[in-house]
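In what follows, a single structure is set out as structure tokens and then discussed.
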Amino acid sequence: MAVGWKPLLPLIAVSALFIYEEWVSSPSCKRVPSPNLHGHEPNQDHPDDLKVMMVANLLLLGSEAGYFNILFRDYYLSRFFTNSFRTLKPDMLLVLGDISARGYKLPNSKYNSVIHQFQRVLGPFLGLPLHVVLGDRDIGECDKLSADLVSWVSGRFPGLDSAGCGAFEIGNVSFVSLNAVALLCGNNELRFSVEKVVESESMDFQMGSELEGMDENGRVRKKVYEFGWRENAMSSGSGPVLLLHFPLNQTIAAANYDRSRSSSILDGRGRVGTGPYNLLHKLPPNATEYIFQALKPRIVFSAHTQEFHDHFHPDGTREVTVPAMTWNARDDPGFVVAIFRRNKGEVSVSYCSLARESHALIAYVTLLILLVSMMVFPSTPNLRCLTQS
């Protein structure tokens, strides 16, 4: 009987492995309650709602990846994307920076390998609207920030201008993404370009449709403005959805509602080298105040810290920090799903957790031990019989 099981062992092992991979690569999502909804959040999503999946800190290595990353971590990252797409059925994908682990150090030829790897792991998401925000690992720190590199990297992703910023509308939801790295810099060309984007978007939202009547020939005319600091008559939360890599400064964090999920696992960036800025780095208070004054964002999504945070600023603006979605960064990766309601109401946010790398490795080792045991020990009784005879 024991010998009869041997031909089935490979089939049993492959079936068990297939079932386990499907289970371990599927996300577990839980909606994060908002105090503004007072328990009245819709239980069901409407077909006209916009569902956006938001990920960050992929830390891809491109051609510099070793066998372990290629065969294990990158393989599962691709499975994470595929199963998340099938399970959640999002309408759009947003990547909030640090696609590359060390892109700011790479020549263009090696940087291209990172972009190709990024396209491979996305899988079915390549058919959806995609927007990428640039992170510090993608373009480098302020004192070495190159306008040529920023322009080159921006040209590889849809919807970004030469300064690494973008503005778009989908499903009646307006988004503005800013090059947060450039906002850290002093008086340089890139920072001025980002500030022009902020001012331009501020004018668009203040004027609504930007239209200011018709001229004598029946043509639409627009108002002309000069850039500069100005008072914004819009109310807080009436502006666009703001996308950044660095979180905004939280000046009164202790007095605000804050929800976070963090891990006791040590900082995983050591696995792929340290980045230009540490994980606690945020935009300075003056840049934060400037953004709030000019854009009055509806909600802010940021990244960089590798952990999930849900924070409310003093003016009531909600900021959600998206965790890292790779085992290169942390043992327990995750991502965020945001649902923008068709009536422009409160944004529903869900935190989605993924399997721990340590658990996956333990499972593989356990399966290997069981397989070896089943191959070896069934023959032991037959050997005993031969010895006794």
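How things are named: the first chain in the structure tokens is A, the next is B, and so on; residues count from 1 in each chain; ligands count from 1 in the order shown.
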Nearby residues (only C-alpha atoms) at most 12 Å from Leu106 (chain A), same-chain spacing under 6 positions excluded, as a PyMOL selection string: chain A and resi 61-64+100+112-115+137-140+149+153
With a cut-off of 10 Å, could you pull out the residues of region 132-212 of chain A touching region 77-95 of chain A and give me the nearest pair of atoms for each, distance in Å to one decimal, using only C-alpha atoms, ordered by chain and ascending number, as CSV?
residue,atom,partner,partner_atom,distance
A:Val132,CA,A:Val95,CA,4.8
A:Val133,CA,A:Val95,CA,6.1
A:Leu134,CA,A:Val95,CA,8.6
A:Gly135,CA,A:Val95,CA,9.8
A:Ile170,CA,A:Met92,CA,9.0
A:Gly171,CA,A:Asp91,CA,9.4
Tell me, as a PDB file with N, CA and C atoms, in the first residue's frame, which residues lie within 7 Å of region 156-160 of chain A, counting only C-alpha atoms; anything in the same chain fewer than 5 positions away does not count.
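That gives us part.pdb:
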ATOM      1  N   HIS A 131      -1.502  55.579 -13.050  1.00  0.00           N
ATOM      2  CA  HIS A 131      -0.760  56.810 -12.781  1.00  0.00           C
ATOM      3  C   HIS A 131       0.312  56.508 -11.742  1.00  0.00           C
ATOM      4  N   VAL A 132       1.513  57.040 -11.991  1.00  0.00           N
ATOM      5  CA  VAL A 132       2.664  56.789 -11.141  1.00  0.00           C
ATOM      6  C   VAL A 132       3.162  58.107 -10.561  1.00  0.00           C
ATOM      7  N   CYS A 165       5.026  65.929 -12.335  1.00  0.00           N
ATOM      8  CA  CYS A 165       3.688  66.216 -11.793  1.00  0.00           C
ATOM      9  C   CYS A 165       2.621  65.800 -12.801  1.00  0.00           C
ATOM     10  N   GLY A 166       1.385  65.695 -12.331  1.00  0.00           N
ATOM     11  CA  GLY A 166       0.299  65.334 -13.222  1.00  0.00           C
ATOM     12  C   GLY A 166      -1.041  65.769 -12.670  1.00  0.00           C
TER      13      GLY A 166
END
At a cut-off of 8 Å, using only C-alpha atoms, what residues contact Leu59 (chain A)? Leave out same-chain residues fewer than 3 positions from it and give the result as a short mmCIF file (atom, residue, chain, number, x, y, z; two decimals) with N, CA and C atoms, in the first residue's frame.
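Output (around_9.cif):
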data_model
loop_
_atom_site.label_atom_id
_atom_site.label_comp_id
_atom_site.auth_asym_id
_atom_site.auth_seq_id
_atom_site.Cartn_x
_atom_site.Cartn_y
_atom_site.Cartn_z
N ASP A 98 8.60 55.17 -5.42
CA ASP A 98 9.60 54.14 -5.10
C ASP A 98 9.31 52.84 -5.82
N ILE A 99 9.07 52.95 -7.11
CA ILE A 99 8.98 51.74 -7.94
C ILE A 99 10.33 51.02 -7.93
N SER A 100 11.39 51.81 -8.01
CA SER A 100 12.73 51.25 -8.05
C SER A 100 13.37 51.26 -6.66
N ALA A 101 14.22 50.27 -6.40
CA ALA A 101 14.95 50.24 -5.13
C ALA A 101 16.08 51.24 -5.11
N ARG A 102 16.74 51.41 -6.24
CA ARG A 102 17.87 52.34 -6.32
C ARG A 102 17.97 52.96 -7.71
N VAL A 272 17.55 46.01 0.37
CA VAL A 272 17.85 46.54 -0.96
C VAL A 272 18.60 47.86 -0.86
N THR A 326 5.62 45.00 -0.98
CA THR A 326 6.64 44.06 -1.41
C THR A 326 7.36 43.48 -0.21
N ASN A 328 10.39 42.94 -0.30
CA ASN A 328 11.68 43.63 -0.28
C ASN A 328 11.70 44.72 0.79
N ALA A 329 10.51 45.19 1.19
CA ALA A 329 10.43 46.29 2.16
C ALA A 329 10.06 45.82 3.55
#
Give me the residues near Val320 (chain A) as a list in words, where near means some atom within 7 Å (using only C-alpha atoms) and where sequence neighbours in that chain fewer than 4 positions away do not count. Val300, Phe301, Ser302, His309, Asp310 and His311 of chain A
How would the residues just chosen look if you wrote them out with C-alpha atoms as a short mmCIF file (atom, residue, chain, number, x, y, z; two decimals), in the first residue's frame?
data_model
loop_
_atom_site.label_atom_id
_atom_site.label_comp_id
_atom_site.auth_asym_id
_atom_site.auth_seq_id
_atom_site.Cartn_x
_atom_site.Cartn_y
_atom_site.Cartn_z
CA VAL A 300 -4.49 63.17 0.52
CA PHE A 301 -2.75 59.89 -0.32
CA SER A 302 0.95 59.57 0.45
CA HIS A 309 -1.60 55.42 8.53
CA ASP A 310 -4.99 57.14 8.52
CA HIS A 311 -4.66 60.68 9.82
#
Correct to one decimal, the distance CA of Val55 (chain A)-CA of Leu248 (chain A) is 17.8 Å
* Residue with smallest distance to Arg191 (chain A) - pool A:Pro124, A:Asn179, A:Ser174, A:Asp48, counting only C-alpha atoms ->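 Between A:Pro124, A:Asn179, A:Ser174, A:Asp48, the residue approaching Arg191 (chain A) most closely is A:Asn179.
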The distance between CA of Ala338 (chain A) and CA of Leu183 (chain A) is 25.6 Å
Take CA of Glu141 (chain A) and CA of Leu126 (chain A) and report the distance between them in Å, one decimal.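 Distance reported for this atom pair: 29.3 Å.
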If we count only C-alpha atoms and set the cut-off at 10 Å, which residues sit around Thr288 (chain A), ignoring sequence neighbours fewer than 4 positions away in its own chain? Please answer as number ranges by chain.
A: 183, 247-251, 282-284, 292-293
For the selection you just gave me, I'd like the residues written to a file as a PDB file, in the first residue's frame, keeping N, CA, C and O atoms.
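again-v7.pdb written:
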ATOM      1  N   LEU A 183       9.680  69.505  -3.946  1.00  0.00           N
ATOM      2  CA  LEU A 183       9.179  70.464  -2.958  1.00  0.00           C
ATOM      3  C   LEU A 183      10.108  70.590  -1.755  1.00  0.00           C
ATOM      4  O   LEU A 183      10.003  71.542  -0.983  1.00  0.00           O
ATOM      5  N   PRO A 247       4.674  62.029   2.989  1.00  0.00           N
ATOM      6  CA  PRO A 247       3.512  62.504   3.757  1.00  0.00           C
ATOM      7  C   PRO A 247       3.642  63.991   4.064  1.00  0.00           C
ATOM      8  O   PRO A 247       4.740  64.541   4.116  1.00  0.00           O
ATOM      9  N   LEU A 248       2.503  64.635   4.289  1.00  0.00           N
ATOM     10  CA  LEU A 248       2.496  66.022   4.712  1.00  0.00           C
ATOM     11  C   LEU A 248       2.910  66.113   6.184  1.00  0.00           C
ATOM     12  O   LEU A 248       2.830  65.139   6.927  1.00  0.00           O
ATOM     13  N   ASN A 249       3.326  67.288   6.572  1.00  0.00           N
ATOM     14  CA  ASN A 249       3.739  67.494   7.951  1.00  0.00           C
ATOM     15  C   ASN A 249       2.533  67.450   8.880  1.00  0.00           C
ATOM     16  O   ASN A 249       1.504  68.065   8.607  1.00  0.00           O
ATOM     17  N   GLN A 250       2.648  66.724   9.954  1.00  0.00           N
ATOM     18  CA  GLN A 250       1.560  66.593  10.925  1.00  0.00           C
ATOM     19  C   GLN A 250       1.950  67.376  12.172  1.00  0.00           C
ATOM     20  O   GLN A 250       2.594  66.863  13.084  1.00  0.00           O
ATOM     21  N   THR A 251       1.563  68.629  12.197  1.00  0.00           N
ATOM     22  CA  THR A 251       2.035  69.532  13.250  1.00  0.00           C
ATOM     23  C   THR A 251       1.386  69.278  14.599  1.00  0.00           C
ATOM     24  O   THR A 251       1.965  69.547  15.637  1.00  0.00           O
ATOM     25  N   LYS A 282       9.153  63.761   6.097  1.00  0.00           N
ATOM     26  CA  LYS A 282       7.886  64.346   5.640  1.00  0.00           C
ATOM     27  C   LYS A 282       8.176  65.684   4.974  1.00  0.00           C
ATOM     28  O   LYS A 282       9.276  66.233   5.080  1.00  0.00           O
ATOM     29  N   LEU A 283       7.162  66.200   4.276  1.00  0.00           N
ATOM     30  CA  LEU A 283       7.295  67.540   3.727  1.00  0.00           C
ATOM     31  C   LEU A 283       7.372  68.551   4.873  1.00  0.00           C
ATOM     32  O   LEU A 283       6.714  68.378   5.901  1.00  0.00           O
ATOM     33  N   PRO A 284       8.149  69.603   4.732  1.00  0.00           N
ATOM     34  CA  PRO A 284       8.278  70.593   5.810  1.00  0.00           C
ATOM     35  C   PRO A 284       6.973  71.351   6.026  1.00  0.00           C
ATOM     36  O   PRO A 284       6.089  71.364   5.159  1.00  0.00           O
ATOM     37  N   PHE A 292      -2.031  73.088   1.438  1.00  0.00           N
ATOM     38  CA  PHE A 292      -3.378  73.215   1.995  1.00  0.00           C
ATOM     39  C   PHE A 292      -4.033  74.523   1.569  1.00  0.00           C
ATOM     40  O   PHE A 292      -5.221  74.561   1.242  1.00  0.00           O
ATOM     41  N   GLN A 293      -3.268  75.607   1.556  1.00  0.00           N
ATOM     42  CA  GLN A 293      -3.822  76.905   1.205  1.00  0.00           C
ATOM     43  C   GLN A 293      -4.202  76.967  -0.266  1.00  0.00           C
ATOM     44  O   GLN A 293      -5.255  77.497  -0.623  1.00  0.00           O
TER      45      GLN A 293
END
Exercise for review: Just the residues within 8 Å of Leu295 (chain A), please, counting only C-alpha atoms, with nothing from its chain fewer than 4 positions along; format it as a list in words.
Suggested key: Val198, Glu201, Ser202, Phe205, Gly239, Pro240 and Ile291 of chain A
Requested in this report: For each of A:Ser154, A:Val52, A:Pro107, A:Val376, take the minimum atom-to-atom distance to Val241 (chain A), counting only C-alpha atoms, then give the residue where this is smallest.
Outcome: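 Once distances to Val241 (chain A) are computed over only C-alpha atoms, the minimum belongs to A:Val52.
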key: Those of region 147-211 of chain A in DSSP strand (DSSP E), formatted as number ranges by chain   = A: 166-170, 173-177, 211
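Of the listed residues A:Trp23, A:Phe118, A:Phe246, A:Tyr104, the one whose atoms come nearest to Val181 (chain A) is A:Phe246, with distances taken using only C-alpha atoms.
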Among A:Ser348, A:Ser162, A:Asn286, A:Ser28, Val194 (chain A) is approached most closely, using only C-alpha atoms, by A:Ser162
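With only C-alpha atoms as the atoms that count, the residue of A:Ile299, A:Cys352, A:Ala294, A:Leu371 with the shortest distance to Ala16 (chain A) is A:Leu371.
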